[in-house]
Amino acid sequence: MAASHQDVQKKNEDQDNSSTTDPDSLIRSNDPLHPANHISDLCRRFYTLGWVTGTGGGVSIRHGNHIFLAPSGVQKEMMQPTDMFVMDFLTKQYVRRPQALKPSACTPLFLAAYTHRNAGCCIHTHSQWAVLITLICEAGLQNSAERNVFAIKEIEQIKGISRGGSGSDEIAEGGRKVGNLGYYDTMKIPIIENEAHEEDLTGALEKAIEEWPEACAVLVRRHGVYVWGKDVAQAKTQAESLDYLFQLAVEMHKLGLKWI
């Protein structure tokens with residue numbers, strides 16, 4: 001028999017109450033999709049893709065009123081659930097903070113996606129393809145008028161990108177997702193300038209999110225990319241789709257082909 005709304009609410013309240021006395025209860029679960037376990041698994045997978053090399057990059061998941069964050073300075077392929085920081089989304093205070101580790105410098109940027117796009121997951125990678133795209137755009141080698149945006153169209157993989165990063169999953173006739181970009185749409189991802197310290201990117205990223213309401217990500221020049229989605233599955237799908245498009249665009253450029 002399915003649990004009633006009251007039963008679910010009581011279970012959540014019990015979990016919240018237990019976490020106030022035992023913060024470690026927030027990261028203990030046998031469920032592989034529990035945020036603490038899921039982030040550890042994703043970091044191992046992303047390491048094999050070259051997205052989180054040398055402790056760079058990160059993953060964050062919003063779960064109810066809690067935000068789970070991979071720590072700073074930990075080898076991503078070695079990450080464990082016990083390494084996770086947990087923040088209260090409403091108060092922005094840590095409710096679990098491993099003493100031997102440092103919070104991720106990406107935290108305020110993840111919060112921007114949760115606050116301004118109601119995201120459920122945010123992924124930051126140091127993908128070489130993302131970096132190369134920002135360099136090609138910076139040099140004006142594709143379109144001298146658009147050095148602060150990556151734009152591409154008429155590539156099938158664009159259909160894997162939702163409008164705003166957290167568009168609807170409603171399926172239209174023919175299997176098309178209503179909230180996603182179409183084949184003939186031009187996908188545009190804004191590019192912001194890098195800073196010496198990651199947290200200093202927050203203002204520029206928030207401004208880009210505001211000015212580009214259909215973007216699911218923000219590229220950081222000579223650095224990488226931030227991608228979000230309404231949940232882990234969507235954020236991961238879009239991060240993979242974008243990386244495919246970035247690599248394809250670099251190869252197109254090498255062949256003298258235009259993105260638009």
# chains A, B, ... in the order shown; residues from 1 in each chain; ligands from 1
call {"tool": "residues_around", "arguments": {"residues": "region 39-46 of chain A", "least_positions_apart": "4", "cutoff": "6 Å", "atoms": "only C-alpha atoms", "output": "list in words"}}
result
Pro35, Trp51, Lys76, Glu77, Met79 and Gln80 of chain A
call {"tool": "residues_around", "arguments": {"residues": "region 151-166 of chain A", "least_positions_apart": "3", "cutoff": "6 Å", "atoms": "only C-alpha atoms", "output": "count of residues only"}}
result
19
call {"tool": "residues_around", "arguments": {"residues": "Gly56 (chain A)", "least_positions_apart": "4", "cutoff": "9 Å", "atoms": "only C-alpha atoms", "output": "list in words"}}
result
Trp51, Val52, Ser72, Gly73, Val74, Gln75, Lys76, His124, Thr125 and His126 of chain A
call {"tool": "atom_distance", "arguments": {"atom1": "CA of Thr91 (chain A)", "atom2": "CA of Asn65 (chain A)"}}
result
9.5 Å
call {"tool": "residues_around", "arguments": {"residues": "region 109-115 of chain A", "least_positions_apart": "5", "cutoff": "7 Å", "atoms": "only C-alpha atoms", "output": "list in words"}}
result
Ser60, Gly120, Cys122, Thr202, Glu206 and Trp228 of chain A
call {"tool": "closest_residue", "arguments": {"among": "A:Pro81, A:Gly50, A:Gly140, A:Gly224", "to": "Phe68 (chain A)", "atoms": "only C-alpha atoms"}}
result
A:Pro81
call {"tool": "atom_distance", "arguments": {"atom1": "CA of Tyr226 (chain A)", "atom2": "CA of Met84 (chain A)"}}
result
19.5 Å
call {"tool": "closest_residue", "arguments": {"among": "A:Ile192, A:Ile133, A:Leu201, A:Ala217", "to": "Leu248 (chain A)", "atoms": "only C-alpha atoms"}}
result
A:Ile133
call {"tool": "atom_distance", "arguments": {"atom1": "CA of Phe89 (chain A)", "atom2": "CA of Leu242 (chain A)"}}
result
27.7 Å
call {"tool": "residues_around", "arguments": {"residues": "Leu219 (chain A)", "least_positions_apart": "3", "cutoff": "10 Å", "atoms": "only C-alpha atoms", "output": "JSON, numbers by chain"}}
result
{"A": [124, 125, 130, 131, 133, 134, 148, 149, 150, 189, 190, 191, 192, 193, 194, 205, 208, 222, 223, 224, 225, 226, 227]}
call {"tool": "closest_residue", "arguments": {"among": "A:Arg28, A:Thr53, A:Arg117, A:Gly64", "to": "Thr82 (chain A)", "atoms": "only C-alpha atoms"}}
result
A:Arg28
call {"tool": "closest_residue", "arguments": {"among": "A:Gln234, A:Asn37, A:Ser241, A:Gln142", "to": "Lys258 (chain A)", "atoms": "only C-alpha atoms"}}
result
A:Gln142
